[in-house]
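Just run_18.pdb here, PDB, C-alpha atoms (C1' of nucleotides):
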MODEL        1
ATOM      1  CA  MET A   1       0.000   0.000   0.000  1.00  0.00           C
ATOM      2  CA  ALA A   2       1.276   3.406  -1.001  1.00  0.00           C
ATOM      3  CA  MET A   3       0.960   6.717   0.826  1.00  0.00           C
ATOM      4  CA  TRP A   4       0.468  10.169  -0.597  1.00  0.00           C
ATOM      5  CA  LEU A   5       0.113  13.820   0.250  1.00  0.00           C
ATOM      6  CA  MET A   6      -2.516  15.810  -1.627  1.00  0.00           C
ATOM      7  CA  LYS A   7      -3.014  19.553  -1.498  1.00  0.00           C
ATOM      8  CA  SER A   8      -6.159  21.588  -1.712  1.00  0.00           C
ATOM      9  CA  GLU A   9      -6.945  25.198  -1.175  1.00  0.00           C
ATOM     10  CA  PRO A  10      -9.505  25.194   1.635  1.00  0.00           C
ATOM     11  CA  GLU A  11     -11.301  28.090   0.023  1.00  0.00           C
ATOM     12  CA  ALA A  12     -11.893  25.880  -3.015  1.00  0.00           C
ATOM     13  CA  TYR A  13     -12.349  22.538  -1.241  1.00  0.00           C
ATOM     14  CA  SER A  14     -11.500  21.905   2.405  1.00  0.00           C
ATOM     15  CA  ILE A  15     -11.329  18.841   4.620  1.00  0.00           C
ATOM     16  CA  ASP A  16     -14.647  19.964   6.122  1.00  0.00           C
ATOM     17  CA  ASP A  17     -16.155  19.789   2.645  1.00  0.00           C
ATOM     18  CA  LEU A  18     -14.777  16.259   2.272  1.00  0.00           C
ATOM     19  CA  LYS A  19     -16.133  15.290   5.681  1.00  0.00           C
ATOM     20  CA  ARG A  20     -19.560  16.515   4.577  1.00  0.00           C
ATOM     21  CA  ASP A  21     -19.391  14.825   1.152  1.00  0.00           C
ATOM     22  CA  LYS A  22     -17.756  11.560   2.402  1.00  0.00           C
ATOM     23  CA  THR A  23     -16.112  11.101  -1.029  1.00  0.00           C
ATOM     24  CA  THR A  24     -15.208  13.411  -3.873  1.00  0.00           C
ATOM     25  CA  MET A  25     -13.673  13.466  -7.328  1.00  0.00           C
ATOM     26  CA  TRP A  26     -10.221  14.998  -7.000  1.00  0.00           C
ATOM     27  CA  ASP A  27     -10.628  17.034 -10.154  1.00  0.00           C
ATOM     28  CA  GLY A  28      -8.705  19.923 -11.639  1.00  0.00           C
ATOM     29  CA  VAL A  29      -5.167  18.549 -11.377  1.00  0.00           C
ATOM     30  CA  ARG A  30      -3.293  19.851 -14.425  1.00  0.00           C
ATOM     31  CA  ASN A  31       0.248  18.787 -13.784  1.00  0.00           C
ATOM     32  CA  TYR A  32       1.726  15.723 -15.443  1.00  0.00           C
ATOM     33  CA  GLN A  33       3.696  14.425 -12.497  1.00  0.00           C
ATOM     34  CA  ALA A  34       0.727  14.808 -10.176  1.00  0.00           C
ATOM     35  CA  ARG A  35      -1.458  13.096 -12.772  1.00  0.00           C
ATOM     36  CA  ASN A  36       0.987  10.218 -13.090  1.00  0.00           C
ATOM     37  CA  TYR A  37       0.985   9.740  -9.330  1.00  0.00           C
ATOM     38  CA  MET A  38      -2.812   9.568  -9.347  1.00  0.00           C
ATOM     39  CA  ARG A  39      -2.739   7.011 -12.164  1.00  0.00           C
ATOM     40  CA  SER A  40      -0.509   4.801 -10.031  1.00  0.00           C
ATOM     41  CA  MET A  41      -2.794   4.893  -6.972  1.00  0.00           C
ATOM     42  CA  SER A  42      -4.660   1.850  -5.660  1.00  0.00           C
ATOM     43  CA  VAL A  43      -7.901   1.651  -3.726  1.00  0.00           C
ATOM     44  CA  GLY A  44      -7.061   1.907  -0.032  1.00  0.00           C
ATOM     45  CA  ASP A  45      -3.923   4.010  -0.433  1.00  0.00           C
ATOM     46  CA  LYS A  46      -3.609   6.471   2.437  1.00  0.00           C
ATOM     47  CA  ILE A  47      -3.549  10.225   1.913  1.00  0.00           C
ATOM     48  CA  LEU A  48      -2.323  13.121   4.027  1.00  0.00           C
ATOM     49  CA  LEU A  49      -4.587  16.069   3.261  1.00  0.00           C
ATOM     50  CA  TYR A  50      -2.804  19.405   3.068  1.00  0.00           C
ATOM     51  CA  HIS A  51      -4.297  22.878   3.014  1.00  0.00           C
ATOM     52  CA  SER A  52      -2.374  25.413   0.939  1.00  0.00           C
ATOM     53  CA  ASN A  53      -2.809  29.113   0.249  1.00  0.00           C
ATOM     54  CA  CYS A  54      -4.411  29.782   3.610  1.00  0.00           C
ATOM     55  CA  GLU A  55      -3.676  31.278   6.993  1.00  0.00           C
ATOM     56  CA  VAL A  56      -1.931  28.205   8.388  1.00  0.00           C
ATOM     57  CA  PRO A  57      -0.722  25.940   5.594  1.00  0.00           C
ATOM     58  CA  GLY A  58      -0.329  22.375   6.804  1.00  0.00           C
ATOM     59  CA  VAL A  59      -1.607  18.816   7.013  1.00  0.00           C
ATOM     60  CA  VAL A  60      -5.158  18.816   8.362  1.00  0.00           C
ATOM     61  CA  GLY A  61      -6.240  15.183   8.237  1.00  0.00           C
ATOM     62  CA  LEU A  62      -6.383  11.824   6.509  1.00  0.00           C
ATOM     63  CA  ALA A  63      -8.156  10.494   3.458  1.00  0.00           C
ATOM     64  CA  LYS A  64      -7.955   7.398   1.288  1.00  0.00           C
ATOM     65  CA  VAL A  65      -8.261   6.402  -2.331  1.00  0.00           C
ATOM     66  CA  VAL A  66     -11.723   4.919  -2.981  1.00  0.00           C
ATOM     67  CA  ARG A  67     -11.611   4.647  -6.791  1.00  0.00           C
ATOM     68  CA  THR A  68      -8.626   4.329  -9.092  1.00  0.00           C
ATOM     69  CA  ALA A  69      -7.850   6.794 -11.864  1.00  0.00           C
ATOM     70  CA  TYR A  70     -10.305   7.645 -14.629  1.00  0.00           C
ATOM     71  CA  PRO A  71     -10.680  10.639 -16.963  1.00  0.00           C
ATOM     72  CA  ASP A  72     -11.313  13.981 -15.247  1.00  0.00           C
ATOM     73  CA  PRO A  73     -14.662  15.129 -16.713  1.00  0.00           C
ATOM     74  CA  THR A  74     -13.863  18.811 -16.137  1.00  0.00           C
ATOM     75  CA  GLN A  75     -11.288  18.721 -18.965  1.00  0.00           C
ATOM     76  CA  PHE A  76     -14.140  18.386 -21.491  1.00  0.00           C
ATOM     77  CA  ASP A  77     -16.405  21.054 -19.984  1.00  0.00           C
ATOM     78  CA  PRO A  78     -15.945  24.434 -21.719  1.00  0.00           C
ATOM     79  CA  SER A  79     -17.630  26.184 -18.822  1.00  0.00           C
ATOM     80  CA  ASP A  80     -15.223  24.709 -16.290  1.00  0.00           C
ATOM     81  CA  LYS A  81     -12.185  26.557 -15.030  1.00  0.00           C
ATOM     82  CA  HIS A  82     -10.048  23.520 -15.829  1.00  0.00           C
ATOM     83  CA  PHE A  83     -11.347  22.982 -19.374  1.00  0.00           C
ATOM     84  CA  ASP A  84      -8.574  21.748 -21.682  1.00  0.00           C
ATOM     85  CA  PRO A  85      -9.464  22.270 -25.346  1.00  0.00           C
ATOM     86  CA  ALA A  86      -6.462  20.189 -26.395  1.00  0.00           C
ATOM     87  CA  SER A  87      -7.662  17.066 -24.612  1.00  0.00           C
ATOM     88  CA  LYS A  88      -9.410  14.485 -26.800  1.00  0.00           C
ATOM     89  CA  ARG A  89     -12.297  12.329 -25.624  1.00  0.00           C
ATOM     90  CA  ASP A  90     -10.739   9.205 -27.122  1.00  0.00           C
ATOM     91  CA  ASP A  91      -7.406  10.070 -25.506  1.00  0.00           C
ATOM     92  CA  PRO A  92      -8.035  12.065 -22.321  1.00  0.00           C
ATOM     93  CA  ARG A  93      -5.041  13.988 -21.071  1.00  0.00           C
ATOM     94  CA  TRP A  94      -6.088  14.358 -17.416  1.00  0.00           C
ATOM     95  CA  SER A  95      -7.094  11.781 -14.836  1.00  0.00           C
ATOM     96  CA  LEU A  96      -8.423  11.873 -11.314  1.00  0.00           C
ATOM     97  CA  VAL A  97      -9.138   9.508  -8.440  1.00  0.00           C
ATOM     98  CA  ASP A  98     -12.013   9.482  -5.992  1.00  0.00           C
ATOM     99  CA  VAL A  99     -10.958  10.356  -2.467  1.00  0.00           C
ATOM    100  CA  GLY A 100     -12.777   9.350   0.726  1.00  0.00           C
ATOM    101  CA  PHE A 101     -12.773  11.069   4.113  1.00  0.00           C
ATOM    102  CA  VAL A 102     -10.974   9.271   6.932  1.00  0.00           C
ATOM    103  CA  LYS A 103     -10.400  11.747   9.738  1.00  0.00           C
ATOM    104  CA  LYS A 104      -9.740  15.351  10.539  1.00  0.00           C
ATOM    105  CA  PHE A 105      -6.814  15.963  12.879  1.00  0.00           C
ATOM    106  CA  ARG A 106      -7.589  17.662  16.170  1.00  0.00           C
ATOM    107  CA  ARG A 107      -5.035  20.251  15.115  1.00  0.00           C
ATOM    108  CA  THR A 108      -3.200  21.274  11.974  1.00  0.00           C
ATOM    109  CA  VAL A 109       0.365  20.051  11.542  1.00  0.00           C
ATOM    110  CA  SER A 110       1.685  23.280  10.097  1.00  0.00           C
ATOM    111  CA  LEU A 111       4.240  23.683   7.361  1.00  0.00           C
ATOM    112  CA  THR A 112       6.437  25.478   9.909  1.00  0.00           C
ATOM    113  CA  GLU A 113       6.404  22.433  12.203  1.00  0.00           C
ATOM    114  CA  LEU A 114       7.155  20.146   9.304  1.00  0.00           C
ATOM    115  CA  LYS A 115      10.154  22.277   8.370  1.00  0.00           C
ATOM    116  CA  ASP A 116      11.308  22.091  11.987  1.00  0.00           C
ATOM    117  CA  GLN A 117      11.254  18.307  11.679  1.00  0.00           C
ATOM    118  CA  ALA A 118      13.056  18.291   8.342  1.00  0.00           C
ATOM    119  CA  SER A 119      15.928  16.205   9.691  1.00  0.00           C
ATOM    120  CA  ARG A 120      13.554  13.487  10.893  1.00  0.00           C
ATOM    121  CA  LEU A 121      11.381  13.613   7.770  1.00  0.00           C
ATOM    122  CA  GLY A 122      14.335  13.093   5.463  1.00  0.00           C
ATOM    123  CA  ASP A 123      13.793  13.894   1.812  1.00  0.00           C
ATOM    124  CA  PHE A 124      10.239  15.229   1.955  1.00  0.00           C
ATOM    125  CA  ALA A 125       8.952  16.697  -1.314  1.00  0.00           C
ATOM    126  CA  LEU A 126       6.632  19.118   0.449  1.00  0.00           C
ATOM    127  CA  ILE A 127       9.419  21.035   2.132  1.00  0.00           C
ATOM    128  CA  ARG A 128      11.801  21.092  -0.789  1.00  0.00           C
ATOM    129  CA  THR A 129      12.183  24.670  -1.977  1.00  0.00           C
ATOM    130  CA  GLY A 130       9.924  25.770  -4.744  1.00  0.00           C
ATOM    131  CA  ASN A 131       7.921  22.573  -4.745  1.00  0.00           C
ATOM    132  CA  ARG A 132       4.520  23.157  -6.272  1.00  0.00           C
ATOM    133  CA  LEU A 133       3.382  19.601  -6.810  1.00  0.00           C
ATOM    134  CA  SER A 134      -0.185  19.095  -5.629  1.00  0.00           C
ATOM    135  CA  VAL A 135       0.160  15.315  -5.370  1.00  0.00           C
ATOM    136  CA  MET A 136       3.287  13.665  -4.007  1.00  0.00           C
ATOM    137  CA  SER A 137       4.293  10.349  -2.533  1.00  0.00           C
ATOM    138  CA  VAL A 138       5.361   9.984   1.085  1.00  0.00           C
ATOM    139  CA  THR A 139       7.094   7.138   2.891  1.00  0.00           C
ATOM    140  CA  GLN A 140       5.581   5.119   5.729  1.00  0.00           C
ATOM    141  CA  LYS A 141       8.020   6.780   8.103  1.00  0.00           C
ATOM    142  CA  GLN A 142       7.023  10.273   6.975  1.00  0.00           C
ATOM    143  CA  PHE A 143       3.341   9.394   7.141  1.00  0.00           C
ATOM    144  CA  ASP A 144       3.669   8.020  10.677  1.00  0.00           C
ATOM    145  CA  LEU A 145       5.672  11.014  11.864  1.00  0.00           C
ATOM    146  CA  VAL A 146       3.068  13.491  10.601  1.00  0.00           C
ATOM    147  CA  VAL A 147       0.276  11.494  12.246  1.00  0.00           C
ATOM    148  CA  SER A 148       2.196  11.408  15.542  1.00  0.00           C
ATOM    149  CA  MET A 149       2.711  15.179  15.350  1.00  0.00           C
ATOM    150  CA  ALA A 150      -1.043  15.640  14.977  1.00  0.00           C
ATOM    151  CA  ASP A 151      -1.597  13.730  18.212  1.00  0.00           C
ATOM    152  CA  ARG A 152       0.588  16.033  20.245  1.00  0.00           C
TER     153      ARG A 152
ATOM    154  C1'  DG B   1      -0.113  41.928  -2.832  1.00  0.00           C
ATOM    155  C1'  DC B   2       4.607  40.486  -3.699  1.00  0.00           C
ATOM    156  C1'  DC B   3       7.625  37.522  -5.770  1.00  0.00           C
ATOM    157  C1'  DA B   4      10.519  33.213  -6.226  1.00  0.00           C
ATOM    158  C1'  DA B   5      10.335  29.026  -8.347  1.00  0.00           C
ATOM    159  C1'  DC B   6       8.494  26.412 -11.307  1.00  0.00           C
ATOM    160  C1'  DG B   7       6.044  24.275 -15.677  1.00  0.00           C
ATOM    161  C1'  DT B   8       4.285  25.158 -20.306  1.00  0.00           C
ATOM    162  C1'  DT B   9       4.085  27.296 -24.767  1.00  0.00           C
ATOM    163  C1'  DG B  10       5.550  28.568 -29.099  1.00  0.00           C
ATOM    164  C1'  DG B  11       8.755  31.030 -32.278  1.00  0.00           C
ATOM    165  C1'  DC B  12      12.840  30.076 -34.457  1.00  0.00           C
TER     166       DC B  12
ATOM    167  C1'  DG C   1      15.873  21.310 -29.503  1.00  0.00           C
ATOM    168  C1'  DC C   2      16.635  25.853 -27.425  1.00  0.00           C
ATOM    169  C1'  DC C   3      15.002  29.358 -24.655  1.00  0.00           C
ATOM    170  C1'  DA C   4      12.344  33.644 -23.759  1.00  0.00           C
ATOM    171  C1'  DA C   5       7.935  34.848 -22.442  1.00  0.00           C
ATOM    172  C1'  DC C   6       4.212  33.814 -19.956  1.00  0.00           C
ATOM    173  C1'  DG C   7       1.094  31.755 -16.495  1.00  0.00           C
ATOM    174  C1'  DT C   8       0.589  29.472 -12.074  1.00  0.00           C
ATOM    175  C1'  DT C   9       1.554  28.023  -7.369  1.00  0.00           C
ATOM    176  C1'  DG C  10       1.853  29.088  -2.836  1.00  0.00           C
ATOM    177  C1'  DG C  11       4.494  30.947   1.188  1.00  0.00           C
ATOM    178  C1'  DC C  12       5.005  35.100   3.353  1.00  0.00           C
TER     179       DC C  12
ENDMDL
END

Turn this file's structure into structure tokens for me.
Amino acid sequence: MAMWLMKSEPEAYSIDDLKRDKTTMWDGVRNYQARNYMRSMSVGDKILLYHSNCEVPGVVGLAKVVRTAYPDPTQFDPSDKHFDPASKRDDPRWSLVDVGFVKKFRRTVSLTELKDQASRLGDFALIRTGNRLSVMSVTQKQFDLVVSMADR
DNA sequence: GCCAACGTTGGC
DNA sequence: GCCAACGTTGGC
């Protein structure tokens, strides 16, 4: 089983929205590496949910993969913000997975705290400078450390 | 709102 | 295939 970290802007879609919806299509990802990660996901893979572009950026809870990758319908919708006119229906460019709510942490594990733990986290994509990936893989050790930080 | 660090696009 | 211009991400 693999583990991942996925970002969202809470103003667009927050962990509270996911808690309400139970599951959601993780649509709108328009980055090839992030897309490739989603295509490699399996049902049951664990996800650290991260809030970006907000007052306290950080990991806010856990989710899981509930459906493996399939074409992102928003790429074909001209009225959608993420419409991609270059994507063909018989060869869709963008994929998504369905994500299910698992739990919301009692507190946010902030980006600042994660940077403070950089030496224990090892090579963690999230805290590499200039990283803008919205989907990244994490190791079991990194996953467990973040979860233990949330319990403090 | 600023801006650094990217990724993508398109002319050549 | 190079690379400048442009658009986006996301912390601060």

For the structure shown, which residues end up in the PyMOL selection byres ((chain C) within 9 of (chain A))? Put them as a tab-separated table (two decimals) with C-alpha atoms (C1' of nucleotides), in the coordinates of the input, please?
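Below you can see out-v1.tsv, which holds the result:
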chain	number	residue	atom	x	y	z
C	9	DT	C1'	1.55	28.02	-7.37
C	10	DG	C1'	1.85	29.09	-2.84
C	11	DG	C1'	4.49	30.95	1.19

Translate the PyMOL selection byres ((chain B and resi 2) around 9) into a concrete residue list for this structure, as an mmCIF file with C-alpha atoms (C1' of nucleotides), in the coordinates of the input.
data_model
loop_
_atom_site.group_PDB
_atom_site.id
_atom_site.type_symbol
_atom_site.label_atom_id
_atom_site.label_comp_id
_atom_site.auth_asym_id
_atom_site.auth_seq_id
_atom_site.Cartn_x
_atom_site.Cartn_y
_atom_site.Cartn_z
ATOM 1 C "C1'" DG B 1 -0.113 41.928 -2.832
ATOM 2 C "C1'" DC B 3 7.625 37.522 -5.770
ATOM 3 C "C1'" DC C 12 5.005 35.100 3.353
#

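Pairwise distance (CA of Pro78 in chain A, CA of Met41 in chain A) equals 27.8 Å.
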
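Atom pair CA of Ala12 in chain A / CA of Asn31 in chain A has a distance of 17.7 Å (rounded to one decimal).
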
Run through the PyMOL selection byres ((chain A and resi 87-93) around 12) on the given coordinates and return the selected residues as a PDB file with C-alpha atoms, in the coordinates of the input.
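Dumped everything to part35.pdb:
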ATOM      1  CA  GLY A  28      -8.705  19.923 -11.639  1.00  0.00           C
ATOM      2  CA  VAL A  29      -5.167  18.549 -11.377  1.00  0.00           C
ATOM      3  CA  ARG A  30      -3.293  19.851 -14.425  1.00  0.00           C
ATOM      4  CA  ASN A  31       0.248  18.787 -13.784  1.00  0.00           C
ATOM      5  CA  TYR A  32       1.726  15.723 -15.443  1.00  0.00           C
ATOM      6  CA  ARG A  35      -1.458  13.096 -12.772  1.00  0.00           C
ATOM      7  CA  ASN A  36       0.987  10.218 -13.090  1.00  0.00           C
ATOM      8  CA  ARG A  39      -2.739   7.011 -12.164  1.00  0.00           C
ATOM      9  CA  ALA A  69      -7.850   6.794 -11.864  1.00  0.00           C
ATOM     10  CA  TYR A  70     -10.305   7.645 -14.629  1.00  0.00           C
ATOM     11  CA  PRO A  71     -10.680  10.639 -16.963  1.00  0.00           C
ATOM     12  CA  ASP A  72     -11.313  13.981 -15.247  1.00  0.00           C
ATOM     13  CA  PRO A  73     -14.662  15.129 -16.713  1.00  0.00           C
ATOM     14  CA  THR A  74     -13.863  18.811 -16.137  1.00  0.00           C
ATOM     15  CA  GLN A  75     -11.288  18.721 -18.965  1.00  0.00           C
ATOM     16  CA  PHE A  76     -14.140  18.386 -21.491  1.00  0.00           C
ATOM     17  CA  ASP A  77     -16.405  21.054 -19.984  1.00  0.00           C
ATOM     18  CA  PRO A  78     -15.945  24.434 -21.719  1.00  0.00           C
ATOM     19  CA  HIS A  82     -10.048  23.520 -15.829  1.00  0.00           C
ATOM     20  CA  PHE A  83     -11.347  22.982 -19.374  1.00  0.00           C
ATOM     21  CA  ASP A  84      -8.574  21.748 -21.682  1.00  0.00           C
ATOM     22  CA  PRO A  85      -9.464  22.270 -25.346  1.00  0.00           C
ATOM     23  CA  ALA A  86      -6.462  20.189 -26.395  1.00  0.00           C
ATOM     24  CA  TRP A  94      -6.088  14.358 -17.416  1.00  0.00           C
ATOM     25  CA  SER A  95      -7.094  11.781 -14.836  1.00  0.00           C
ATOM     26  CA  LEU A  96      -8.423  11.873 -11.314  1.00  0.00           C
TER      27      LEU A  96
END

| note | The distance between CA of Phe101 in chain A and CA of Arg152 in chain A is 21.5 Å
